[in-house]
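J.: So that you have it, the file is structure19.txt, and it contains compact mmCIF, C-alpha atoms and all ligand atoms:
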# COMPACT_ATOMS: atom_id res chain seq x y z
CA MET I 1 12.35 -9.73 15.30
CA ARG I 2 9.28 -9.25 17.43
CA ILE I 3 6.30 -7.98 15.50
CA ILE I 4 3.00 -6.37 16.45
CA LEU I 5 0.44 -6.77 13.67
CA CYS I 6 -2.34 -4.16 13.56
CA GLY I 7 -5.34 -5.58 11.76
CA PHE I 8 -5.86 -9.18 10.64
CA GLY I 9 -7.69 -8.85 7.33
CA VAL I 10 -6.80 -10.34 3.95
CA VAL I 11 -3.30 -8.80 3.68
CA ALA I 12 -2.27 -9.60 7.28
CA GLN I 13 -3.54 -13.18 6.98
CA SER I 14 -1.62 -13.60 3.71
CA PHE I 15 1.46 -12.27 5.51
CA ALA I 16 1.01 -14.80 8.35
CA LYS I 17 0.76 -17.61 5.78
CA LEU I 18 3.84 -16.31 3.98
CA LEU I 19 5.87 -16.28 7.22
CA GLU I 20 4.68 -19.78 8.07
CA SER I 21 5.74 -21.16 4.68
CA ARG I 22 9.12 -19.38 4.51
CA THR I 23 10.44 -19.73 8.10
CA ALA I 24 13.56 -21.78 7.30
CA GLU I 25 14.51 -19.79 4.20
CA LEU I 26 14.11 -16.44 5.97
CA TYR I 27 16.58 -17.53 8.61
CA THR I 28 19.19 -19.10 6.34
CA LYS I 29 19.04 -16.43 3.64
CA TYR I 30 18.48 -13.25 5.66
CA GLY I 31 19.14 -14.18 9.30
CA LEU I 32 15.55 -13.20 9.93
CA LYS I 33 13.53 -14.90 12.65
CA PRO I 34 10.21 -13.06 12.76
CA ARG I 35 7.86 -13.67 15.69
CA ILE I 36 4.41 -12.16 15.82
CA VAL I 37 4.09 -11.32 19.52
CA GLY I 38 0.83 -9.39 19.31
CA VAL I 39 -2.04 -9.01 16.88
CA PHE I 40 -5.37 -7.27 17.08
CA ASP I 41 -8.43 -6.76 14.91
CA SER I 42 -11.51 -4.62 15.53
CA LYS I 43 -13.02 -7.21 17.93
CA GLY I 44 -10.12 -8.61 19.96
CA SER I 45 -6.44 -9.38 20.33
CA ALA I 46 -3.90 -12.13 20.98
CA THR I 47 -0.44 -11.93 22.50
CA ASP I 48 2.46 -14.27 23.23
CA SER I 49 5.96 -12.97 23.94
CA SER I 50 7.50 -16.16 22.56
CA GLY I 51 5.56 -15.86 19.30
CA LEU I 52 1.97 -16.69 18.38
CA ASN I 53 1.17 -19.96 16.65
CA LEU I 54 0.28 -18.68 13.19
CA ASN I 55 -1.70 -21.71 12.04
CA LYS I 56 -3.81 -21.53 15.18
CA LEU I 57 -4.25 -17.77 14.72
CA LEU I 58 -5.46 -18.23 11.14
CA SER I 59 -7.93 -20.96 12.05
CA VAL I 60 -9.29 -19.01 15.04
CA LYS I 61 -9.84 -15.99 12.79
CA LYS I 62 -11.59 -18.17 10.21
CA LYS I 63 -13.84 -19.81 12.80
CA TYR I 64 -14.75 -16.85 15.00
CA GLY I 65 -14.11 -13.85 12.75
CA THR I 66 -11.68 -12.39 15.32
CA VAL I 67 -8.27 -13.21 16.80
CA GLY I 68 -9.78 -12.49 20.24
CA ASN I 69 -10.69 -16.18 20.68
CA TYR I 70 -7.02 -17.30 20.38
CA GLN I 71 -6.65 -17.33 24.16
CA LYS I 72 -8.61 -16.63 27.34
CA ASN I 73 -8.54 -13.12 28.77
CA SER I 74 -7.83 -11.40 25.49
CA GLU I 75 -6.42 -7.95 26.28
CA LYS I 76 -7.35 -4.69 24.63
CA GLY I 77 -5.69 -4.16 21.25
CA GLY I 78 -4.74 -0.87 19.63
CA VAL I 79 -2.50 1.67 21.31
CA ASN I 80 -2.86 -0.20 24.65
CA MET I 81 -1.11 -3.22 23.23
CA ILE I 82 1.65 -1.08 21.71
CA HIS I 83 2.30 0.39 25.17
CA SER I 84 2.11 -2.89 27.05
CA ILE I 85 4.23 -5.41 25.13
CA ASP I 86 7.84 -5.41 23.93
CA ALA I 87 8.35 -5.53 20.16
CA ASP I 88 10.76 -4.33 17.46
CA VAL I 89 8.48 -3.70 14.47
CA LEU I 90 4.88 -2.60 14.05
CA ILE I 91 3.08 -3.65 10.88
CA GLU I 92 0.05 -1.45 10.20
CA THR I 93 -2.59 -3.10 7.98
CA THR I 94 -5.86 -1.50 9.12
CA ALA I 95 -8.08 0.13 6.49
CA SER I 96 -7.00 3.38 4.81
CA ASN I 97 -9.07 6.34 5.93
CA TYR I 98 -8.57 9.73 4.29
CA LYS I 99 -10.64 11.78 6.75
CA ASP I 100 -8.44 11.55 9.84
CA ALA I 101 -6.20 8.52 9.05
CA GLU I 102 -7.36 6.76 12.23
CA PRO I 103 -6.85 4.32 13.82
CA GLY I 104 -3.65 3.73 11.82
CA LEU I 105 -2.14 7.13 12.58
CA SER I 106 -2.37 6.61 16.36
CA HIS I 107 -0.88 3.12 16.05
CA ILE I 108 2.08 4.42 14.05
CA THR I 109 2.83 7.45 16.21
CA ALA I 110 2.54 5.45 19.46
CA ALA I 111 4.85 2.78 18.05
CA MET I 112 7.44 5.30 16.83
CA LYS I 113 7.50 6.97 20.26
CA ALA I 114 8.03 3.52 21.80
CA GLY I 115 11.03 2.97 19.48
CA LEU I 116 9.45 0.47 17.08
CA HIS I 117 10.26 0.43 13.36
CA ILE I 118 7.21 0.76 11.14
CA ILE I 119 5.91 -1.05 8.08
CA SER I 120 2.64 0.38 6.80
CA VAL I 121 0.44 -0.88 3.99
CA ASN I 122 -2.22 1.52 5.26
CA LYS I 123 -2.08 4.60 3.01
CA GLY I 124 -4.19 6.93 5.18
CA PRO I 125 -1.50 8.07 7.67
CA LEU I 126 1.02 8.64 4.85
CA ALA I 127 -1.47 10.49 2.65
CA LEU I 128 -2.46 12.88 5.44
CA ALA I 129 0.75 13.22 7.42
CA PHE I 130 3.77 12.03 5.42
CA PRO I 131 6.13 14.93 6.24
CA SER I 132 5.40 14.88 9.98
CA LEU I 133 5.64 11.07 10.19
CA MET I 134 9.06 11.21 8.55
CA GLU I 135 10.17 13.80 11.10
CA LEU I 136 8.82 11.71 13.97
CA ALA I 137 10.62 8.61 12.64
CA SER I 138 13.88 10.47 12.41
CA TYR I 139 13.45 12.07 15.86
CA ASN I 140 12.83 8.64 17.42
CA GLN I 141 15.56 7.02 15.28
CA VAL I 142 13.25 4.41 13.80
CA LEU I 143 12.76 3.29 10.20
CA MET I 144 9.50 3.62 8.31
CA ARG I 145 8.85 1.45 5.25
CA PHE I 146 5.71 1.37 3.10
CA SER I 147 6.54 -0.30 -0.21
CA GLY I 148 3.12 -2.00 -0.41
CA THR I 149 1.24 1.31 -0.41
CA VAL I 150 2.05 2.02 -4.07
CA GLY I 151 1.84 -0.83 -6.57
CA GLY I 152 1.14 -3.59 -4.01
CA GLY I 153 3.71 -6.29 -4.79
CA THR I 154 5.23 -4.32 -7.70
CA PRO I 155 8.25 -2.48 -6.26
CA ILE I 156 7.48 0.94 -7.74
CA LEU I 157 8.87 2.98 -4.83
CA ASP I 158 11.98 0.85 -4.59
CA TYR I 159 12.60 1.11 -8.34
CA ALA I 160 12.44 4.89 -8.34
CA LYS I 161 14.33 5.37 -5.09
CA ASN I 162 17.06 2.76 -5.43
CA SER I 163 17.34 1.48 -9.01
CA LEU I 164 17.28 5.06 -10.30
CA SER I 165 19.52 6.42 -7.56
CA GLY I 166 21.95 9.01 -8.90
CA GLU I 167 19.41 10.01 -11.53
CA ARG I 168 17.19 13.05 -11.22
CA ILE I 169 13.58 12.10 -11.92
CA VAL I 170 12.01 15.14 -13.55
CA SER I 171 8.44 13.91 -13.89
CA PHE I 172 6.27 10.81 -13.74
CA GLN I 173 2.79 9.69 -14.63
CA GLY I 174 1.02 6.47 -13.81
CA ILE I 175 -2.05 4.31 -13.51
CA LEU I 176 -2.05 3.66 -9.78
CA ASN I 177 -5.58 2.35 -9.20
CA GLY I 178 -6.40 -1.11 -10.56
CA THR I 179 -10.16 -0.89 -10.03
CA THR I 180 -10.70 2.21 -12.15
CA ASN I 181 -8.36 0.80 -14.80
CA TYR I 182 -10.51 -2.33 -14.93
CA ILE I 183 -13.69 -0.26 -15.28
CA LEU I 184 -12.24 2.05 -17.96
CA SER I 185 -10.75 -0.90 -19.89
CA ASN I 186 -14.19 -2.55 -19.95
CA MET I 187 -15.82 0.70 -21.07
CA HIS I 188 -13.42 0.65 -24.03
CA SER I 189 -14.64 -2.89 -24.72
CA GLY I 190 -18.21 -1.59 -24.97
CA MET I 191 -19.60 -1.81 -21.41
CA SER I 192 -21.45 1.10 -19.82
CA PHE I 193 -19.96 2.68 -16.67
CA GLU I 194 -22.71 1.08 -14.50
CA THR I 195 -22.23 -2.44 -15.94
CA ALA I 196 -18.44 -2.18 -15.63
CA LEU I 197 -18.77 -0.99 -12.01
CA THR I 198 -21.18 -3.83 -11.13
CA ASP I 199 -18.79 -6.34 -12.72
CA ALA I 200 -15.81 -4.92 -10.79
CA LYS I 201 -17.82 -5.13 -7.55
CA LYS I 202 -18.76 -8.76 -8.23
CA ARG I 203 -15.09 -9.61 -8.62
CA GLY I 204 -14.29 -7.99 -5.28
CA TYR I 205 -12.07 -5.27 -6.77
CA VAL I 206 -13.93 -2.22 -5.52
CA GLU I 207 -13.12 -0.79 -2.06
CA ALA I 208 -15.88 -1.06 0.61
CA ASP I 209 -16.22 2.71 0.16
CA GLU I 210 -16.39 2.90 -3.67
CA SER I 211 -15.61 6.60 -3.60
CA LEU I 212 -11.97 5.81 -2.73
CA ASP I 213 -11.57 4.23 -6.18
CA LEU I 214 -14.09 6.13 -8.32
CA ASP I 215 -13.35 9.64 -7.04
CA GLY I 216 -9.59 9.11 -7.26
CA LEU I 217 -8.74 9.25 -3.52
CA ASP I 218 -6.77 6.00 -3.60
CA ALA I 219 -4.72 7.18 -6.61
CA ALA I 220 -4.23 10.59 -4.96
CA ALA I 221 -2.93 8.95 -1.74
CA LYS I 222 -0.39 7.00 -3.81
CA LEU I 223 0.62 10.18 -5.62
CA VAL I 224 1.23 11.92 -2.27
CA ILE I 225 3.48 9.03 -1.18
CA LEU I 226 5.44 9.12 -4.46
CA ALA I 227 5.80 12.91 -4.41
CA ASN I 228 7.22 12.88 -0.87
CA TRP I 229 9.43 9.81 -1.14
CA ILE I 230 10.67 10.11 -4.71
CA MET I 231 10.58 13.83 -5.43
CA GLY I 232 11.38 15.09 -1.92
CA MET I 233 8.23 17.23 -1.81
CA LYS I 234 6.41 17.91 1.46
CA VAL I 235 2.79 17.47 0.43
CA THR I 236 -0.44 15.88 1.67
CA MET I 237 -3.84 15.04 0.11
CA PRO I 238 -5.18 18.62 -0.14
CA ASP I 239 -2.25 19.46 -2.46
CA ILE I 240 -3.56 17.12 -5.17
CA LYS I 241 -5.83 18.43 -7.95
CA LEU I 242 -8.35 15.62 -8.10
CA THR I 243 -10.95 14.43 -10.62
CA GLY I 244 -12.31 10.87 -10.55
CA ILE I 245 -13.88 8.78 -13.33
CA ARG I 246 -17.60 9.25 -12.65
CA LYS I 247 -17.96 11.73 -15.54
CA VAL I 248 -16.26 9.50 -18.12
CA ASN I 249 -19.07 8.67 -20.56
CA ASP I 250 -19.48 6.83 -23.89
CA GLU I 251 -18.73 9.99 -25.87
CA ILE I 252 -15.36 10.49 -24.11
CA ILE I 253 -14.52 6.84 -24.69
CA LYS I 254 -15.43 6.99 -28.42
CA ASN I 255 -13.48 10.21 -28.97
CA ALA I 256 -10.43 8.67 -27.34
CA GLU I 257 -10.67 5.66 -29.66
CA LYS I 258 -10.90 7.90 -32.76
CA ASN I 259 -7.51 9.33 -31.77
CA ALA I 260 -5.93 5.90 -31.13
CA THR I 261 -5.89 6.60 -27.41
CA ALA I 262 -7.53 5.10 -24.32
CA THR I 263 -9.00 6.92 -21.32
CA LYS I 264 -7.01 6.21 -18.15
CA LEU I 265 -7.09 7.63 -14.63
CA ILE I 266 -3.62 9.19 -14.53
CA ALA I 267 -1.72 10.36 -11.46
CA SER I 268 0.94 12.79 -12.57
CA CYS I 269 3.76 14.86 -11.18
CA ASN I 270 4.84 17.28 -13.85
CA GLY I 271 5.04 20.73 -12.35
CA GLY I 272 1.80 20.20 -10.38
CA LEU I 273 0.31 17.12 -8.75
CA GLU I 274 -2.87 15.87 -10.40
CA VAL I 275 -5.14 12.84 -10.64
CA SER I 276 -7.58 12.95 -13.55
CA PRO I 277 -8.80 10.98 -16.58
CA LYS I 278 -6.46 11.49 -19.55
CA GLN I 279 -6.12 10.10 -23.07
CA ILE I 280 -3.05 7.85 -23.40
CA PRO I 281 -1.87 6.63 -26.83
CA ILE I 282 -2.63 2.93 -27.11
CA ASN I 283 0.96 2.21 -28.19
CA ASP I 284 2.40 3.90 -25.07
CA PRO I 285 3.81 1.27 -22.63
CA LEU I 286 1.79 3.03 -19.93
CA CYS I 287 -1.46 2.05 -21.64
CA VAL I 288 -2.07 -1.22 -19.74
CA ASN I 289 -5.50 -2.80 -19.33
CA GLY I 290 -7.48 -4.71 -16.71
CA THR I 291 -6.43 -4.27 -13.08
CA LEU I 292 -2.76 -3.67 -13.92
CA ASN I 293 -0.84 -0.66 -12.60
CA ALA I 294 1.87 1.09 -14.63
CA ILE I 295 4.08 4.09 -14.03
CA SER I 296 6.51 5.93 -16.33
CA PHE I 297 9.40 7.82 -14.73
CA THR I 298 11.20 10.38 -16.87
CA SER I 299 14.76 11.05 -15.71
CA GLU I 300 17.28 13.67 -16.72
CA HIS I 301 19.77 11.29 -18.36
CA SER I 302 18.17 7.89 -18.81
CA GLY I 303 14.90 8.94 -20.45
CA THR I 304 11.52 7.43 -19.74
CA GLN I 305 11.16 4.00 -18.14
CA THR I 306 7.92 2.21 -17.38
CA ILE I 307 7.30 -0.36 -14.66
CA ILE I 308 4.16 -2.52 -14.93
CA GLY I 309 2.62 -4.99 -12.49
CA ARG I 310 -0.27 -6.02 -10.30
CA GLY I 311 -1.09 -3.23 -7.87
CA ALA I 312 -3.25 -5.02 -5.33
CA GLY I 313 -4.09 -8.42 -3.84
CA GLY I 314 -3.48 -10.13 -0.50
CA THR I 315 -0.45 -12.25 -1.36
CA GLU I 316 1.13 -9.53 -3.53
CA THR I 317 0.84 -6.93 -0.76
CA ALA I 318 2.01 -9.47 1.85
CA SER I 319 5.16 -9.99 -0.24
CA SER I 320 5.82 -6.23 -0.02
CA ILE I 321 5.64 -6.44 3.80
CA LEU I 322 8.23 -9.20 3.78
CA ARG I 323 10.41 -7.09 1.47
CA ASP I 324 10.21 -4.20 3.95
CA LEU I 325 10.96 -6.49 6.88
CA ILE I 326 14.09 -7.81 5.17
CA ASP I 327 15.10 -4.24 4.36
CA ILE I 328 14.70 -3.16 8.01
CA ARG I 329 16.70 -6.21 9.13
CA LYS I 330 19.52 -5.25 6.74
CA GLU I 331 19.48 -1.58 7.80
CA ILE I 332 19.62 -2.27 11.53
CA SER I 333 22.33 -4.91 11.22
CA ARG I 334 24.62 -2.26 9.66
CA PHE I 335 24.91 -0.48 13.02
N1 LIG Z 401 -8.44 -0.11 -4.56
C1 LIG Z 401 -7.06 -0.21 -4.89
C2 LIG Z 401 -6.90 -0.45 -6.38
C3 LIG Z 401 -6.43 -1.31 -4.08
O1 LIG Z 401 -7.91 -0.73 -7.04
O2 LIG Z 401 -5.82 -0.33 -6.92
C4 LIG Z 401 -4.94 -1.23 -3.97
O3 LIG Z 401 -4.50 -0.09 -3.32
Represent the structure of the file as structure tokens.
T.:
Amino acid sequence: MRIILCGFGVVAQSFAKLLESRTAELYTKYGLKPRIVGVFDSKGSATDSSGLNLNKLLSVKKKYGTVGNYQKNSEKGGVNMIHSIDADVLIETTASNYKDAEPGLSHITAAMKAGLHIISVNKGPLALAFPSLMELASYNQVLMRFSGTVGGGTPILDYAKNSLSGERIVSFQGILNGTTNYILSNMHSGMSFETALTDAKKRGYVEADESLDLDGLDAAAKLVILANWIMGMKVTMPDIKLTGIRKVNDEIIKNAEKNATATKLIASCNGGLEVSPKQIPINDPLCVNGTLNAISFTSEHSGTQTIIGRGAGGTETASSILRDLIDIRKEISRF
């Protein structure tokens, strides 16, 4: 499978390392022979129709800060590359942007029109245009997979869609943002909001634009993806009622503790779609601490089930890309 990789940040580099270390197993176990034929970052690009040398690519990126130094005469990346080289799958890993979803949205739509299957770990295009992207994928007869957008390496979407298939999920609620969960957990351990935020920043948890975590945009984007994919709704970001954690203070934290609950940023689908701080009983399986994510699905016949795991991280999210790639391979080999 020939792959174009959009973006070469932490997740894409972890994916390249994962491919490099699993080459033989991917072929024997899944018949999968992935070749990255094009990659670009914000400063340059590299292409090779017979497959780029991944170790060289990683060391060039480390040394020069861009893949553009991989070869002489680096061509323009972005939509130009998608139009100019032959590939089967586009993997979109550029940063999520909830204003206009660019540049990821243009990469995905150009690739779909060119007949490429899509794997996106970029949440922006899905948060702002999920219903129309699904239509475009179906019109162009391509597959779109995005399991890393919710829960990182924890297969939340797959669990709800496939493991619970045949069931009717009636509602769900979850902690979908690890950074705010880390901050709120530390506030329950006695830290002020400011100290907890500074600590989270030092550990590299907080997004470059802190508003995405603190004001609930990241959790809202994940809720949009779940609502569309799991509940069959046709919604985008403006449909979410959104409150972040900036107003959670010591008084709210202490009151929660008096009632044997903890304050969590909860994304819920129960009639309406909402992201807001809520009090969760400390003995509820959903009440996880630190950077963990957790989500409880309530189904018509099998009751409430909770899935817990790490929701972010380079290697975790890279593993979700591989999962999607294997899934696409299986789907297309059926025809
Ligand atoms: N900022 C996100 C989080 C990263 O804290 O969960 C993963 O989407």
J.: Would you pick out the contacts of segment 57-74 of chain I at 10 Å or less, using all atoms listed in the file, so that residues sharing its chain but fewer than 4 positions from it are not included, and give the list as a PyMOL selection string?
T.: chain I and resi 7-9+12-14+16-17+39-48+52-53
J.: For ligand LIG 401 (chain Z), list the contacting residues at 6 Å or closer, counting all atoms listed in the file, as number ranges by chain.
T.: I: 177-179, 206-207, 213, 311-312
J.: Could the residues in this selection be saved with C-alpha atoms as an mmCIF file, in the frame of the given file?
T.:
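Final output, saved to selection_20.cif:
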data_model
loop_
_atom_site.group_PDB
_atom_site.id
_atom_site.type_symbol
_atom_site.label_atom_id
_atom_site.label_comp_id
_atom_site.auth_asym_id
_atom_site.auth_seq_id
_atom_site.Cartn_x
_atom_site.Cartn_y
_atom_site.Cartn_z
ATOM 1 C CA ASN I 177 -5.580 2.350 -9.200
ATOM 2 C CA GLY I 178 -6.400 -1.110 -10.560
ATOM 3 C CA THR I 179 -10.160 -0.890 -10.030
ATOM 4 C CA VAL I 206 -13.930 -2.220 -5.520
ATOM 5 C CA GLU I 207 -13.120 -0.790 -2.060
ATOM 6 C CA ASP I 213 -11.570 4.230 -6.180
ATOM 7 C CA GLY I 311 -1.090 -3.230 -7.870
ATOM 8 C CA ALA I 312 -3.250 -5.020 -5.330
#
J.: Could you give me, as a list in words, the residues within 9 Å of Ile282 of chain I, counting only C-alpha atoms and dropping anything in the same chain fewer than 4 positions from it?
T.: Glu257, Ala260, Thr261, Ala262, Leu286, Cys287 and Val288 of chain I
J.: I'd like the contact shell of Ala129 of chain I - 10 Å cut-off, all atoms listed in the file, skipping same-chain residues fewer than 4 positions apart - returned as a list of chain:residue names.
T.: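 That gives I:Asp100, I:Ala101, I:Leu105, I:Gly124, I:Pro125, I:Leu133, I:Met134, I:Val224, I:Ile225, I:Lys234, I:Val235, I:Thr236, I:Met237.
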J.: Mind listing as an MDAnalysis selection string all residues within 12 Å of (6.1, -8.6, 21.3), counting all atoms listed in the file?
T.: chainID I and resid 1:5 34:39 46:52 81:91 111 116
J.: Atom CA of Thr243 of chain I to atom CA of Cys269 of chain I: how many Å, to one decimal?
T.: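 The value is 14.7 Å.
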J.: Please rebuild segment 55-65 of chain I with all heavy atoms and return the result as a JSON list (two decimals), in the frame of the given file.
T.:
[["chain", "number", "residue", "atom", "x", "y", "z"],
["I", 55, "ASN", "N", -0.63, -20.85, 12.56],
["I", 55, "ASN", "CA", -1.70, -21.71, 12.04],
["I", 55, "ASN", "C", -2.94, -21.63, 12.92],
["I", 55, "ASN", "O", -4.07, -21.55, 12.44],
["I", 55, "ASN", "CB", -1.23, -23.16, 11.93],
["I", 55, "ASN", "CG", -0.38, -23.33, 10.68],
["I", 55, "ASN", "OD1", -0.62, -22.66, 9.67],
["I", 55, "ASN", "ND2", 0.61, -24.20, 10.75],
["I", 56, "LYS", "N", -2.68, -21.63, 14.24],
["I", 56, "LYS", "CA", -3.81, -21.53, 15.18],
["I", 56, "LYS", "C", -4.51, -20.17, 15.02],
["I", 56, "LYS", "O", -5.74, -20.08, 14.99],
["I", 56, "LYS", "CB", -3.30, -21.72, 16.62],
["I", 56, "LYS", "CG", -4.39, -21.64, 17.66],
["I", 56, "LYS", "CD", -3.86, -21.91, 19.06],
["I", 56, "LYS", "CE", -4.90, -21.51, 20.10],
["I", 56, "LYS", "NZ", -4.37, -21.52, 21.46],
["I", 57, "LEU", "N", -3.70, -19.13, 14.87],
["I", 57, "LEU", "CA", -4.25, -17.77, 14.72],
["I", 57, "LEU", "C", -5.16, -17.69, 13.49],
["I", 57, "LEU", "O", -6.27, -17.15, 13.55],
["I", 57, "LEU", "CB", -3.07, -16.80, 14.57],
["I", 57, "LEU", "CG", -3.33, -15.33, 14.81],
["I", 57, "LEU", "CD1", -3.78, -15.08, 16.24],
["I", 57, "LEU", "CD2", -2.05, -14.54, 14.53],
["I", 58, "LEU", "N", -4.68, -18.27, 12.38],
["I", 58, "LEU", "CA", -5.46, -18.23, 11.14],
["I", 58, "LEU", "C", -6.76, -19.02, 11.28],
["I", 58, "LEU", "O", -7.82, -18.59, 10.83],
["I", 58, "LEU", "CB", -4.61, -18.79, 9.98],
["I", 58, "LEU", "CG", -3.48, -17.87, 9.50],
["I", 58, "LEU", "CD1", -2.42, -18.65, 8.73],
["I", 58, "LEU", "CD2", -4.03, -16.73, 8.64],
["I", 59, "SER", "N", -6.68, -20.18, 11.95],
["I", 59, "SER", "CA", -7.93, -20.96, 12.05],
["I", 59, "SER", "C", -8.90, -20.34, 13.04],
["I", 59, "SER", "O", -10.12, -20.38, 12.82],
["I", 59, "SER", "CB", -7.64, -22.44, 12.33],
["I", 59, "SER", "OG", -6.95, -22.55, 13.52],
["I", 60, "VAL", "N", -8.39, -19.71, 14.10],
["I", 60, "VAL", "CA", -9.29, -19.01, 15.04],
["I", 60, "VAL", "C", -9.99, -17.86, 14.32],
["I", 60, "VAL", "O", -11.21, -17.67, 14.46],
["I", 60, "VAL", "CB", -8.47, -18.49, 16.26],
["I", 60, "VAL", "CG1", -9.26, -17.46, 17.06],
["I", 60, "VAL", "CG2", -8.06, -19.65, 17.16],
["I", 61, "LYS", "N", -9.25, -17.12, 13.52],
["I", 61, "LYS", "CA", -9.84, -15.99, 12.79],
["I", 61, "LYS", "C", -10.93, -16.50, 11.84],
["I", 61, "LYS", "O", -12.01, -15.91, 11.72],
["I", 61, "LYS", "CB", -8.73, -15.27, 12.02],
["I", 61, "LYS", "CG", -9.21, -14.11, 11.15],
["I", 61, "LYS", "CD", -9.58, -12.87, 11.94],
["I", 61, "LYS", "CE", -10.04, -11.75, 11.03],
["I", 61, "LYS", "NZ", -10.34, -10.51, 11.73],
["I", 62, "LYS", "N", -10.63, -17.62, 11.17],
["I", 62, "LYS", "CA", -11.59, -18.17, 10.21],
["I", 62, "LYS", "C", -12.87, -18.62, 10.92],
["I", 62, "LYS", "O", -13.98, -18.35, 10.48],
["I", 62, "LYS", "CB", -10.93, -19.36, 9.50],
["I", 62, "LYS", "CG", -11.64, -19.76, 8.23],
["I", 62, "LYS", "CD", -10.82, -20.77, 7.48],
["I", 62, "LYS", "CE", -11.62, -21.31, 6.31],
["I", 62, "LYS", "NZ", -10.98, -22.48, 5.73],
["I", 63, "LYS", "N", -12.69, -19.25, 12.08],
["I", 63, "LYS", "CA", -13.84, -19.81, 12.80],
["I", 63, "LYS", "C", -14.67, -18.75, 13.49],
["I", 63, "LYS", "O", -15.90, -18.77, 13.45],
["I", 63, "LYS", "CB", -13.31, -20.83, 13.81],
["I", 63, "LYS", "CG", -14.38, -21.66, 14.46],
["I", 63, "LYS", "CD", -13.79, -22.89, 15.13],
["I", 63, "LYS", "CE", -14.87, -23.63, 15.90],
["I", 63, "LYS", "NZ", -14.30, -24.56, 16.86],
["I", 64, "TYR", "N", -14.01, -17.80, 14.16],
["I", 64, "TYR", "CA", -14.75, -16.85, 15.00],
["I", 64, "TYR", "C", -14.83, -15.43, 14.42],
["I", 64, "TYR", "O", -15.48, -14.56, 14.98],
["I", 64, "TYR", "CB", -14.11, -16.77, 16.39],
["I", 64, "TYR", "CG", -14.11, -18.09, 17.13],
["I", 64, "TYR", "CD1", -12.95, -18.86, 17.20],
["I", 64, "TYR", "CD2", -15.27, -18.58, 17.74],
["I", 64, "TYR", "CE1", -12.93, -20.08, 17.86],
["I", 64, "TYR", "CE2", -15.27, -19.80, 18.40],
["I", 64, "TYR", "CZ", -14.10, -20.55, 18.46],
["I", 64, "TYR", "OH", -14.09, -21.74, 19.11],
["I", 65, "GLY", "N", -14.08, -15.19, 13.34],
["I", 65, "GLY", "CA", -14.11, -13.85, 12.75],
["I", 65, "GLY", "C", -13.27, -12.83, 13.52],
["I", 65, "GLY", "O", -13.27, -11.65, 13.20]]
